[in-house]
$ cat target-v9.txt   # compact mmCIF, C-alpha atoms and all ligand atoms
# COMPACT_ATOMS: atom_id res chain seq x y z
CA MET D 1 157.76 215.16 35.93
CA ASP D 2 160.84 212.98 35.72
CA ILE D 3 160.29 209.44 37.01
CA ASN D 4 163.44 208.34 38.78
CA LEU D 5 163.95 204.89 40.25
CA ASP D 6 167.71 205.34 40.81
CA GLY D 7 168.92 203.35 43.81
CA LYS D 8 165.81 201.16 43.88
CA VAL D 9 165.82 197.40 43.46
CA ALA D 10 162.94 195.63 41.71
CA LEU D 11 161.94 191.96 41.58
CA ILE D 12 159.71 190.85 38.67
CA THR D 13 158.14 187.39 38.69
CA GLY D 14 157.47 185.57 35.42
CA CYS D 15 159.71 187.78 33.28
CA GLY D 16 158.75 186.06 30.02
CA PRO D 17 159.38 187.91 26.76
CA ASN D 18 156.07 189.74 26.59
CA ILE D 19 154.72 191.75 29.55
CA GLY D 20 157.20 190.70 32.27
CA SER D 21 160.17 191.62 30.12
CA GLY D 22 158.51 194.92 29.13
CA ILE D 23 157.97 195.91 32.76
CA ALA D 24 161.47 194.77 33.74
CA LEU D 25 163.03 196.85 30.96
CA ALA D 26 160.97 199.91 31.90
CA LEU D 27 161.92 199.76 35.59
CA SER D 28 165.54 199.41 34.52
CA ARG D 29 165.37 202.32 32.06
CA TYR D 30 163.98 204.50 34.86
CA GLY D 31 166.99 203.57 37.03
CA ALA D 32 166.15 200.45 39.08
CA LYS D 33 168.32 197.36 39.34
CA VAL D 34 166.13 194.43 38.34
CA ALA D 35 165.99 190.83 39.59
CA CYS D 36 164.34 188.60 37.00
CA ASN D 37 162.34 185.58 38.19
CA ASP D 38 160.87 182.78 36.10
CA VAL D 39 160.73 178.99 36.00
CA SER D 40 162.27 179.28 32.53
CA THR D 41 166.00 180.08 32.57
CA GLU D 42 165.71 180.89 28.87
CA SER D 43 163.19 183.66 29.67
CA ILE D 44 165.37 184.97 32.48
CA ASP D 45 168.47 185.05 30.27
CA ALA D 46 166.59 186.84 27.47
CA CYS D 47 165.21 189.42 29.90
CA ILE D 48 168.65 190.08 31.40
CA ARG D 49 170.17 190.41 27.92
CA ARG D 50 167.48 192.95 26.97
CA ILE D 51 168.10 195.01 30.11
CA GLU D 52 171.89 194.94 29.77
CA ARG D 53 171.73 195.77 26.05
CA ASN D 54 169.90 198.93 27.10
CA GLY D 55 172.49 199.85 29.74
CA GLY D 56 170.75 198.48 32.84
CA THR D 57 171.74 196.13 35.66
CA ALA D 58 169.97 192.83 36.21
CA MET D 59 170.34 189.52 38.03
CA ALA D 60 168.68 186.13 37.75
CA ALA D 61 166.21 185.07 40.45
CA PRO D 62 165.13 181.65 39.21
CA GLY D 63 162.42 179.68 40.96
CA ASP D 64 158.82 178.56 41.11
CA VAL D 65 156.62 181.28 42.63
CA THR D 66 154.37 178.62 44.21
CA ASP D 67 157.16 176.99 46.23
CA GLU D 68 157.76 178.88 49.49
CA GLU D 69 161.32 177.62 49.95
CA GLN D 70 162.24 178.68 46.43
CA VAL D 71 160.60 182.09 46.93
CA LYS D 72 162.55 182.63 50.16
CA GLY D 73 165.68 181.46 48.33
CA TYR D 74 165.54 183.98 45.48
CA VAL D 75 164.31 186.82 47.72
CA ASP D 76 167.31 186.18 50.01
CA ALA D 77 169.64 186.05 47.01
CA VAL D 78 168.46 189.51 45.88
CA LEU D 79 168.83 190.90 49.42
CA GLU D 80 172.31 189.41 49.69
CA ARG D 81 173.40 190.90 46.37
CA TRP D 82 171.75 194.33 46.55
CA GLY D 83 170.68 194.68 50.20
CA ARG D 84 167.07 195.70 49.57
CA ILE D 85 163.93 195.28 47.49
CA ASP D 86 161.86 198.42 46.83
CA ILE D 87 159.56 197.16 44.08
CA LEU D 88 157.86 193.81 43.58
CA VAL D 89 155.90 193.06 40.42
CA ASN D 90 153.80 189.90 40.74
CA ASN D 91 153.42 188.97 37.10
CA ALA D 92 153.89 185.19 36.75
CA ALA D 93 150.74 183.44 35.57
CA LEU D 94 149.53 180.59 33.41
CA LEU D 95 147.58 182.03 30.50
CA GLY D 96 144.93 180.37 28.43
CA GLY D 97 142.71 177.58 29.67
CA LYS D 98 139.24 176.28 28.93
CA GLY D 99 135.63 177.14 29.66
CA VAL D 100 133.56 175.90 32.57
CA LEU D 101 132.22 172.90 30.62
CA ASP D 102 135.67 171.59 29.76
CA GLU D 103 138.30 172.73 32.25
CA THR D 104 139.93 169.94 34.23
CA ALA D 105 140.27 170.02 38.00
CA GLU D 106 144.03 169.61 37.62
CA ASP D 107 144.51 172.57 35.26
CA PHE D 108 142.05 174.72 37.21
CA GLU D 109 144.05 174.13 40.36
CA ARG D 110 147.40 174.71 38.63
CA SER D 111 146.25 177.99 37.09
CA VAL D 112 144.77 179.32 40.33
CA ARG D 113 147.83 178.17 42.27
CA VAL D 114 150.33 180.23 40.25
CA SER D 115 148.41 183.50 40.59
CA SER D 116 147.03 182.97 44.11
CA LEU D 117 149.85 181.23 45.97
CA GLY D 118 152.51 182.85 43.80
CA TYR D 119 151.26 186.40 44.39
CA PHE D 120 150.74 185.69 48.11
CA LEU D 121 154.16 184.13 48.79
CA ASN D 122 156.08 186.84 46.97
CA THR D 123 154.07 189.61 48.63
CA LYS D 124 154.60 187.97 52.03
CA HIS D 125 158.37 187.53 51.79
CA VAL D 126 159.16 190.72 49.92
CA GLY D 127 156.72 192.62 52.20
CA ARG D 128 158.57 191.29 55.25
CA ALA D 129 161.93 192.29 53.74
CA MET D 130 160.59 195.80 53.09
CA ALA D 131 159.03 196.17 56.56
CA GLU D 132 162.16 194.94 58.38
CA ARG D 133 164.26 197.52 56.52
CA GLU D 134 161.66 200.33 56.80
CA ILE D 135 161.44 200.52 53.02
CA ARG D 136 158.29 202.24 51.78
CA GLY D 137 158.04 199.94 48.83
CA SER D 138 155.63 199.35 45.97
CA ILE D 139 154.01 196.01 45.16
CA VAL D 140 152.23 195.74 41.81
CA CYS D 141 150.07 192.71 41.04
CA VAL D 142 149.41 192.17 37.36
CA SER D 143 145.72 191.46 36.86
CA SER D 144 143.79 191.11 33.59
CA SER D 145 140.63 192.38 31.96
CA ASN D 146 139.46 188.82 32.68
CA GLY D 147 139.54 189.71 36.38
CA TRP D 148 136.99 192.50 35.88
CA SER D 149 134.59 191.16 33.27
CA GLY D 150 133.71 187.83 31.75
CA THR D 151 134.93 186.15 28.62
CA ALA D 152 134.58 182.56 27.46
CA GLY D 153 137.18 179.82 27.60
CA VAL D 154 139.28 180.90 30.58
CA ILE D 155 137.31 179.92 33.67
CA ALA D 156 140.32 179.27 35.94
CA TYR D 157 142.20 182.34 34.76
CA ALA D 158 139.10 184.52 35.29
CA PHE D 159 138.69 183.08 38.79
CA ASN D 160 142.26 183.74 39.85
CA LYS D 161 142.48 187.23 38.31
CA GLY D 162 139.25 188.20 40.09
CA GLY D 163 140.93 187.01 43.29
CA VAL D 164 144.03 189.09 42.54
CA ASN D 165 141.88 192.23 42.51
CA ASN D 166 140.65 191.84 46.07
CA PHE D 167 143.96 190.37 47.28
CA VAL D 168 145.41 193.77 46.37
CA ARG D 169 142.90 195.69 48.50
CA ALA D 170 143.38 193.41 51.53
CA ALA D 171 147.19 193.33 51.26
CA ALA D 172 147.16 197.13 50.90
CA MET D 173 145.42 197.33 54.29
CA ASP D 174 147.92 194.90 55.90
CA LEU D 175 150.89 196.86 54.59
CA ALA D 176 149.65 200.47 54.84
CA PRO D 177 151.04 200.86 58.40
CA TYR D 178 154.50 200.17 56.98
CA GLY D 179 154.14 202.66 54.14
CA ILE D 180 154.17 199.80 51.63
CA ARG D 181 151.76 200.27 48.74
CA VAL D 182 149.94 197.44 46.97
CA ASN D 183 148.14 198.02 43.67
CA SER D 184 147.10 196.07 40.64
CA PHE D 185 147.84 196.87 37.04
CA THR D 186 145.40 195.60 34.42
CA PRO D 187 146.70 194.87 30.93
CA THR D 188 144.24 194.07 28.15
CA ALA D 189 145.70 191.89 25.37
CA PRO D 190 148.67 194.13 24.53
CA THR D 191 150.49 193.81 21.23
CA PRO D 192 153.98 192.39 21.87
CA ASP D 193 156.79 194.86 21.18
CA ASN D 194 159.86 193.02 22.43
CA PRO D 195 162.25 193.04 19.43
CA GLU D 196 162.90 189.29 19.85
CA LEU D 197 159.17 188.49 19.70
CA VAL D 198 158.62 190.88 16.81
CA ALA D 199 161.55 189.30 14.94
CA ALA D 200 159.93 185.91 15.53
CA GLY D 201 156.77 187.21 13.84
CA VAL D 202 154.64 187.30 16.98
CA THR D 203 151.88 189.89 16.78
CA GLY D 204 149.01 190.81 19.02
CA VAL D 205 145.45 189.62 18.83
CA LEU D 206 144.16 193.10 17.97
CA GLN D 207 146.20 193.14 14.80
CA SER D 208 145.59 189.52 13.89
CA PRO D 209 142.11 188.67 15.14
CA PRO D 210 141.17 185.00 15.02
CA ARG D 211 139.02 184.40 11.96
CA SER D 212 137.17 181.31 13.04
CA GLY D 213 136.44 179.12 16.03
CA SER D 214 136.09 180.34 19.58
CA PRO D 215 138.88 180.68 22.11
CA ALA D 216 137.27 177.80 23.95
CA GLN D 217 138.03 175.65 20.98
CA GLY D 218 141.51 176.74 20.07
CA ALA D 219 144.19 179.29 20.84
CA PRO D 220 144.88 180.41 24.37
CA SER D 221 142.86 183.48 25.21
CA GLY D 222 144.27 186.58 26.83
CA SER D 223 147.67 185.83 25.39
CA GLY D 224 147.64 188.07 22.37
CA GLY D 225 146.62 185.06 20.30
CA ARG D 226 150.02 183.38 20.62
CA ALA D 227 151.08 180.21 22.31
CA THR D 228 152.39 180.95 25.78
CA SER D 229 155.24 179.43 27.70
CA GLY D 230 153.74 176.91 30.09
CA GLY D 231 150.19 178.16 29.53
CA LEU D 232 147.03 176.07 29.65
CA GLY D 233 144.43 175.21 27.04
CA GLY D 234 143.92 173.11 23.98
CA ALA D 235 141.19 171.50 21.92
CA VAL D 236 137.80 170.73 23.40
CA GLY D 237 134.94 168.53 22.19
CA ASP D 238 132.90 168.87 19.00
CA GLU D 239 129.65 167.27 20.19
CA PRO D 240 126.49 168.42 18.34
CA TRP D 241 125.08 170.11 21.45
CA ARG D 242 127.92 172.64 21.67
CA ARG D 243 127.11 176.30 21.03
CA PRO D 244 129.61 179.03 20.01
CA THR D 245 130.63 181.15 22.97
CA ARG D 246 131.78 184.20 21.03
CA TRP D 247 131.25 185.96 17.75
CA SER D 248 134.26 185.07 15.62
CA GLY D 249 134.17 186.76 12.21
CA ASP D 250 135.93 189.86 10.87
CA ARG D 251 135.45 192.82 13.16
CA ALA D 252 137.43 195.89 14.16
CA PRO D 253 138.73 195.73 17.74
CA MET D 254 136.13 197.13 20.15
CA VAL D 255 138.63 199.50 21.71
CA PRO D 256 137.64 203.18 21.82
CA MET D 257 141.19 204.38 21.05
CA GLY D 258 141.80 201.64 18.49
CA THR D 259 144.54 199.80 20.38
CA THR D 260 145.12 198.41 23.85
CA GLY D 261 148.82 199.27 23.64
CA THR D 262 152.00 197.31 24.23
CA PRO D 263 154.17 196.07 27.12
CA THR D 264 156.10 199.34 26.76
CA ASP D 265 152.92 201.31 27.55
CA ILE D 266 152.45 199.03 30.55
CA GLY D 267 156.08 199.48 31.60
CA HIS D 268 155.91 203.29 31.63
CA ALA D 269 152.77 203.14 33.80
CA VAL D 270 154.14 200.55 36.24
CA ALA D 271 157.35 202.57 36.61
CA TRP D 272 155.31 205.65 37.52
CA LEU D 273 153.12 203.61 39.92
CA SER D 274 156.29 202.32 41.59
CA SER D 275 157.84 205.77 41.91
CA ASP D 276 157.57 208.19 44.82
CA TYR D 277 155.17 210.33 42.76
CA ALA D 278 152.55 207.68 43.51
CA ARG D 279 153.30 207.64 47.25
CA LEU D 280 149.63 207.79 48.33
CA ILE D 281 148.26 205.43 45.71
CA THR D 282 147.42 202.09 47.28
CA GLY D 283 144.70 199.45 47.08
CA THR D 284 143.64 200.48 43.60
CA ASP D 285 143.95 199.45 39.96
CA LEU D 286 145.72 201.19 37.11
CA VAL D 287 144.53 200.28 33.65
CA VAL D 288 146.12 201.30 30.35
CA ASP D 289 143.86 199.83 27.68
CA GLY D 290 142.70 202.55 25.26
CA GLY D 291 139.35 202.68 27.05
CA ALA D 292 138.51 198.99 26.50
CA ARG D 293 137.24 198.29 30.02
CA ALA D 294 135.32 201.55 30.34
CA ARG D 295 133.26 200.88 27.22
CA ASN D 296 129.52 200.41 27.68
CA PHE D 297 128.07 197.37 25.85
CA ALA D 298 126.10 199.67 23.53
CA TYR D 299 129.09 201.84 22.57
CA ILE D 300 130.63 200.88 19.24
CA PRO D 301 134.00 202.56 18.65
CA ALA D 302 134.46 204.63 15.51
CA ALA D 303 136.20 203.07 12.53
CA ALA D 304 139.99 202.97 12.84
CA GLU D 305 140.48 205.59 10.10
CA ASP D 306 138.31 208.06 12.04
CA LEU D 307 140.30 207.79 15.25
CA ALA D 308 143.04 210.23 16.18
CA GLY D 309 144.67 207.40 18.13
CA PRO D 310 147.22 207.67 20.90
CA VAL D 311 150.39 209.77 20.60
CA PRO D 312 153.53 207.94 19.38
CA LEU D 313 154.96 205.29 21.65
CA ILE D 314 158.02 206.30 23.68
CA SER D 315 160.26 203.30 23.04
CA LEU D 316 162.32 201.77 25.83
CA ASP D 317 164.46 199.48 23.67
CA GLU D 318 167.39 201.55 22.46
CA ASP D 319 168.31 199.20 19.68
CA ASP D 320 166.99 196.13 18.00
CA ALA D 321 167.80 192.73 19.42
CA THR D 322 169.37 191.59 16.22
N1 LIG D 401 149.22 188.68 27.26
C1 LIG D 401 148.01 189.14 27.52
O1 LIG D 401 147.18 189.29 26.60
C2 LIG D 401 147.63 189.51 28.92
C3 LIG D 401 146.44 190.24 29.11
C4 LIG D 401 146.07 190.59 30.41
C5 LIG D 401 146.88 190.24 31.48
N2 LIG D 401 148.03 189.52 31.26
C6 LIG D 401 148.84 189.18 32.44
O2 LIG D 401 150.15 189.69 32.27
C7 LIG D 401 151.10 188.82 32.90
C8 LIG D 401 152.16 188.38 31.91
O3 LIG D 401 151.54 187.84 30.75
P1 LIG D 401 152.37 187.46 29.44
O4 LIG D 401 151.49 187.64 28.29
O5 LIG D 401 153.68 188.15 29.43
O6 LIG D 401 152.52 185.88 29.68
P2 LIG D 401 153.71 184.86 29.42
O7 LIG D 401 153.12 183.48 29.45
O8 LIG D 401 154.51 185.27 28.24
O9 LIG D 401 154.61 185.08 30.73
C9 LIG D 401 154.30 184.52 31.96
C10 LIG D 401 155.59 184.00 32.54
O10 LIG D 401 155.31 183.41 33.83
C11 LIG D 401 156.17 182.30 33.96
N3 LIG D 401 155.66 181.39 34.96
C12 LIG D 401 154.59 180.55 34.88
N4 LIG D 401 154.47 179.84 36.00
C13 LIG D 401 155.47 180.24 36.83
C14 LIG D 401 155.86 179.86 38.14
N5 LIG D 401 155.19 178.92 38.82
N6 LIG D 401 156.94 180.46 38.69
C15 LIG D 401 157.62 181.43 38.01
N7 LIG D 401 157.30 181.80 36.76
C16 LIG D 401 156.24 181.21 36.18
C17 LIG D 401 156.21 181.67 32.57
O11 LIG D 401 157.35 180.84 32.41
C18 LIG D 401 156.23 182.91 31.68
O12 LIG D 401 157.55 183.31 31.32
C19 LIG D 401 150.28 187.67 33.48
O13 LIG D 401 149.98 187.94 34.84
C20 LIG D 401 149.03 187.69 32.64
O14 LIG D 401 147.95 187.12 33.34
C21 LIG D 401 148.41 189.16 30.01
$ encode --input "target-v9.txt" --output "structure tokens" --more "lines below"
Ligand SMILES: NC(=O)c1ccc[n+]([C@@H]2O[C@H](COP(=O)([O-])OP(=O)(O)OC[C@H]3O[C@@H](n4cnc5c(N)ncnc54)[C@H](O)[C@@H]3O)[C@@H](O)[C@H]2O)c1
Amino acid sequence: MDINLDGKVALITGCGPNIGSGIALALSRYGAKVACNDVSTESIDACIRRIERNGGTAMAAPGDVTDEEQVKGYVDAVLERWGRIDILVNNAALLGGKGVLDETAEDFERSVRVSSLGYFLNTKHVGRAMAEREIRGSIVCVSSSNGWSGTAGVIAYAFNKGGVNNFVRAAAMDLAPYGIRVNSFTPTAPTPDNPELVAAGVTGVLQSPPRSGSPAQGAPSGSGGRATSGGLGGAVGDEPWRRPTRWSGDRAPMVPMGTTGTPTDIGHAVAWLSSDYARLITGTDLVVDGGARARNFAYIPAAAEDLAGPVPLISLDEDDAT
């Protein structure tokens, strides 16, 4: 099977250097022209550089996904430049946050707004552009393991990712008559593999587990343990009544295959999901997480040295950034 996205145009929201950039690069390597959205021009420029360095074609689509005029503006700019949009990846989100005892109304609303309004507005305007042109497109909404099960310290993020999961099913019903498919993709704390991030010493949470404190009391959760661009979170109180929300000592990752993978693993899967091979796949979720979500609470994965592990990664970056 040879995934081929030649002639297709993709729009990725929130193309920051981790997952968004990984998906953008993958769609480009499989042949699509890629429009890169973000509120950060630095992230857009870095994503475009990465795509072009690997022989692809990209354009900037700057704007805030929660502002309808800005969404219409960058969608129109892509249509004007390339005449069509075949693939939308709703990826922009605010990571991190706090638990239910500490989250502020303002940050809760801001977090939910980016994933709810942002995913809706982009699906609406790109969906209309696809329907008007009779394009049987693919819309992929990036969810999170936090949308399917509970963890501490990310109450707003968990709320909006849970919403994303049923948004996908409802939007899939709205758009099925037009042949437009809507699915979610669920990453689970991937290890960054963008050469720029690796060069900056950024590693994933599964390789550098936090040694103390709970996510509710420190680093953003769900972000591979790193600070995120524009994410939420921060210190909370230390009153005597507080109880730890998570076990926080040394422990092997509870992932049956030993690793949840990288943005490159995500990119390969999203490219396939956006290709014509997946033409009847709609309203569902694709998860590439080494079995993390499927694991029963009583199942303890074997020690890392006893695992065969996944086959070698098929890299999408042809050369290093530096
Ligand atoms: N990193 C993880 O561990 C992890 C795990 C599961 C799911 N996810 C999901 O994957 C996606 C990408 O995560 P990431 O780790 O690459 O995060 P990231 O913070 O590196 O990237 C998110 C990008 O969205 C952009 N953004 C934020 N608000 C925006 C807005 N209003 N308009 C346009 N752009 C905006 C940010 O500037 C940033 O570049 C998110 O949907 C996240 O919820 C991440």
$ residues_around --input "target-v9.txt" --residues "Val255 in chain D" --least-positions-apart "4" --cutoff "12 Å" --atoms "all atoms listed in the file" --output "MDAnalysis selection string"
chainID D and resid 188:190 206 251 259:261 288:297 299:304 307 309:310
$ closest_residue --input "target-v9.txt" --among "D:Met173, D:Val114, D:Leu25, D:Ala158" --to "ligand LIG 401 (chain D)" --atoms "all atoms listed in the file"
D:Val114
$ residues_near_point --input "target-v9.txt" --point "(167.0, 196.6, 29.8)" --cutoff "10 Å" --atoms "all atoms listed in the file" --output "list of chain:residue names"
D:Ser21, D:Gly22, D:Ile23, D:Ala24, D:Leu25, D:Ala26, D:Leu27, D:Ser28, D:Arg29, D:Tyr30, D:Lys33, D:Val34, D:Cys47, D:Ile48, D:Arg49, D:Arg50, D:Ile51, D:Glu52, D:Arg53, D:Asn54, D:Gly55, D:Gly56, D:Thr57, D:Ala58, D:Leu316, D:Asp317, D:Glu318
$ residues_near_ligand --input "target-v9.txt" --ligand "ligand LIG 401 (chain D)" --cutoff "8 Å" --atoms "all atoms listed in the file" --output "PyMOL selection string"
chain D and resi 13-21+37-40+43+62-67+90-95+114-115+118+141-146+157+161+186-191+204-205+221-225+228-231
$ closest_residue --input "target-v9.txt" --among "D:Gly150, D:Gly99, D:Gly73, D:Gly163" --to "Asn122 in chain D" --atoms "all atoms listed in the file"
D:Gly73
$ atom_distance --input "target-v9.txt" --atom1 "CA of Leu11 in chain D" --atom2 "CA of Leu121 in chain D"
13.2 Å
$ closest_residue --input "target-v9.txt" --among "D:Pro192, D:Gly7, D:Gly31, D:Gly153" --to "Trp272 in chain D" --atoms "all atoms listed in the file"
D:Gly31
$ atom_distance --input "target-v9.txt" --atom1 "CA of Glu69 in chain D" --atom2 "CA of Ile87 in chain D"
20.5 Å
$ residues_near_point --input "target-v9.txt" --point "(147.4, 201.4, 45.7)" --cutoff "9 Å" --atoms "only C-alpha atoms" --output "list in words"
Ser138, Ile139, Val140, Val168, Arg169, Ala172, Arg181, Val182, Asn183, Ser184, Leu273, Ala278, Arg279, Leu280, Ile281, Thr282, Gly283, Thr284, Asp285 and Leu286 of chain D
$ write_last_selection --input "target-v9.txt" --atoms "C-alpha atoms" --output "PDB file, keeping the file's coordinate frame"
ATOM      1  CA  SER D 138     155.630 199.350  45.970  1.00  0.00           C
ATOM      2  CA  ILE D 139     154.010 196.010  45.160  1.00  0.00           C
ATOM      3  CA  VAL D 140     152.230 195.740  41.810  1.00  0.00           C
ATOM      4  CA  VAL D 168     145.410 193.770  46.370  1.00  0.00           C
ATOM      5  CA  ARG D 169     142.900 195.690  48.500  1.00  0.00           C
ATOM      6  CA  ALA D 172     147.160 197.130  50.900  1.00  0.00           C
ATOM      7  CA  ARG D 181     151.760 200.270  48.740  1.00  0.00           C
ATOM      8  CA  VAL D 182     149.940 197.440  46.970  1.00  0.00           C
ATOM      9  CA  ASN D 183     148.140 198.020  43.670  1.00  0.00           C
ATOM     10  CA  SER D 184     147.100 196.070  40.640  1.00  0.00           C
ATOM     11  CA  LEU D 273     153.120 203.610  39.920  1.00  0.00           C
ATOM     12  CA  ALA D 278     152.550 207.680  43.510  1.00  0.00           C
ATOM     13  CA  ARG D 279     153.300 207.640  47.250  1.00  0.00           C
ATOM     14  CA  LEU D 280     149.630 207.790  48.330  1.00  0.00           C
ATOM     15  CA  ILE D 281     148.260 205.430  45.710  1.00  0.00           C
ATOM     16  CA  THR D 282     147.420 202.090  47.280  1.00  0.00           C
ATOM     17  CA  GLY D 283     144.700 199.450  47.080  1.00  0.00           C
ATOM     18  CA  THR D 284     143.640 200.480  43.600  1.00  0.00           C
ATOM     19  CA  ASP D 285     143.950 199.450  39.960  1.00  0.00           C
ATOM     20  CA  LEU D 286     145.720 201.190  37.110  1.00  0.00           C
TER      21      LEU D 286
END
$ build_atoms --input "target-v9.txt" --residues "range 144-166 of chain D" --atoms "N, CA and C atoms" --output "short mmCIF file (atom, residue, chain, number, x, y, z; two decimals), in the frame of the given file"
data_model
loop_
_atom_site.label_atom_id
_atom_site.label_comp_id
_atom_site.auth_asym_id
_atom_site.auth_seq_id
_atom_site.Cartn_x
_atom_site.Cartn_y
_atom_site.Cartn_z
N SER D 144 144.20 191.30 34.99
CA SER D 144 143.79 191.11 33.59
C SER D 144 142.38 191.65 33.44
N SER D 145 142.04 192.01 32.21
CA SER D 145 140.63 192.38 31.96
C SER D 145 139.71 191.23 32.35
N ASN D 146 140.25 190.00 32.29
CA ASN D 146 139.46 188.82 32.68
C ASN D 146 139.15 188.79 34.17
N GLY D 147 139.82 189.62 34.95
CA GLY D 147 139.54 189.71 36.38
C GLY D 147 138.41 190.69 36.68
N TRP D 148 138.01 191.45 35.66
CA TRP D 148 136.99 192.50 35.88
C TRP D 148 135.70 192.25 35.11
N SER D 149 135.80 191.47 34.04
CA SER D 149 134.59 191.16 33.27
C SER D 149 134.77 189.77 32.67
N GLY D 150 133.68 189.23 32.18
CA GLY D 150 133.71 187.83 31.75
C GLY D 150 134.02 187.64 30.29
N THR D 151 134.81 186.62 29.99
CA THR D 151 134.93 186.15 28.62
C THR D 151 134.88 184.63 28.66
N ALA D 152 134.72 184.02 27.50
CA ALA D 152 134.58 182.56 27.46
C ALA D 152 135.93 181.88 27.33
N GLY D 153 136.03 180.68 27.86
CA GLY D 153 137.18 179.82 27.60
C GLY D 153 138.33 179.94 28.57
N VAL D 154 138.17 180.69 29.64
CA VAL D 154 139.28 180.90 30.58
C VAL D 154 138.77 180.89 32.03
N ILE D 155 138.01 179.87 32.39
CA ILE D 155 137.31 179.92 33.67
C ILE D 155 138.28 180.00 34.87
N ALA D 156 139.38 179.25 34.81
CA ALA D 156 140.32 179.27 35.94
C ALA D 156 141.06 180.60 36.00
N TYR D 157 141.48 181.07 34.86
CA TYR D 157 142.20 182.34 34.76
C TYR D 157 141.32 183.50 35.27
N ALA D 158 140.04 183.47 34.85
CA ALA D 158 139.10 184.52 35.29
C ALA D 158 138.92 184.46 36.80
N PHE D 159 138.85 183.26 37.34
CA PHE D 159 138.69 183.08 38.79
C PHE D 159 139.90 183.65 39.53
N ASN D 160 141.10 183.29 39.07
CA ASN D 160 142.26 183.74 39.85
C ASN D 160 142.54 185.23 39.67
N LYS D 161 142.24 185.78 38.49
CA LYS D 161 142.48 187.23 38.31
C LYS D 161 141.46 188.05 39.10
N GLY D 162 140.23 187.53 39.22
CA GLY D 162 139.25 188.20 40.09
C GLY D 162 139.75 188.20 41.53
N GLY D 163 140.36 187.10 41.94
CA GLY D 163 140.93 187.01 43.29
C GLY D 163 142.08 187.99 43.49
N VAL D 164 142.90 188.15 42.46
CA VAL D 164 144.03 189.09 42.54
C VAL D 164 143.51 190.49 42.90
N ASN D 165 142.37 190.86 42.30
CA ASN D 165 141.88 192.23 42.51
C ASN D 165 141.52 192.52 43.96
N ASN D 166 140.95 191.54 44.66
CA ASN D 166 140.65 191.84 46.07
C ASN D 166 141.80 191.50 47.00
#
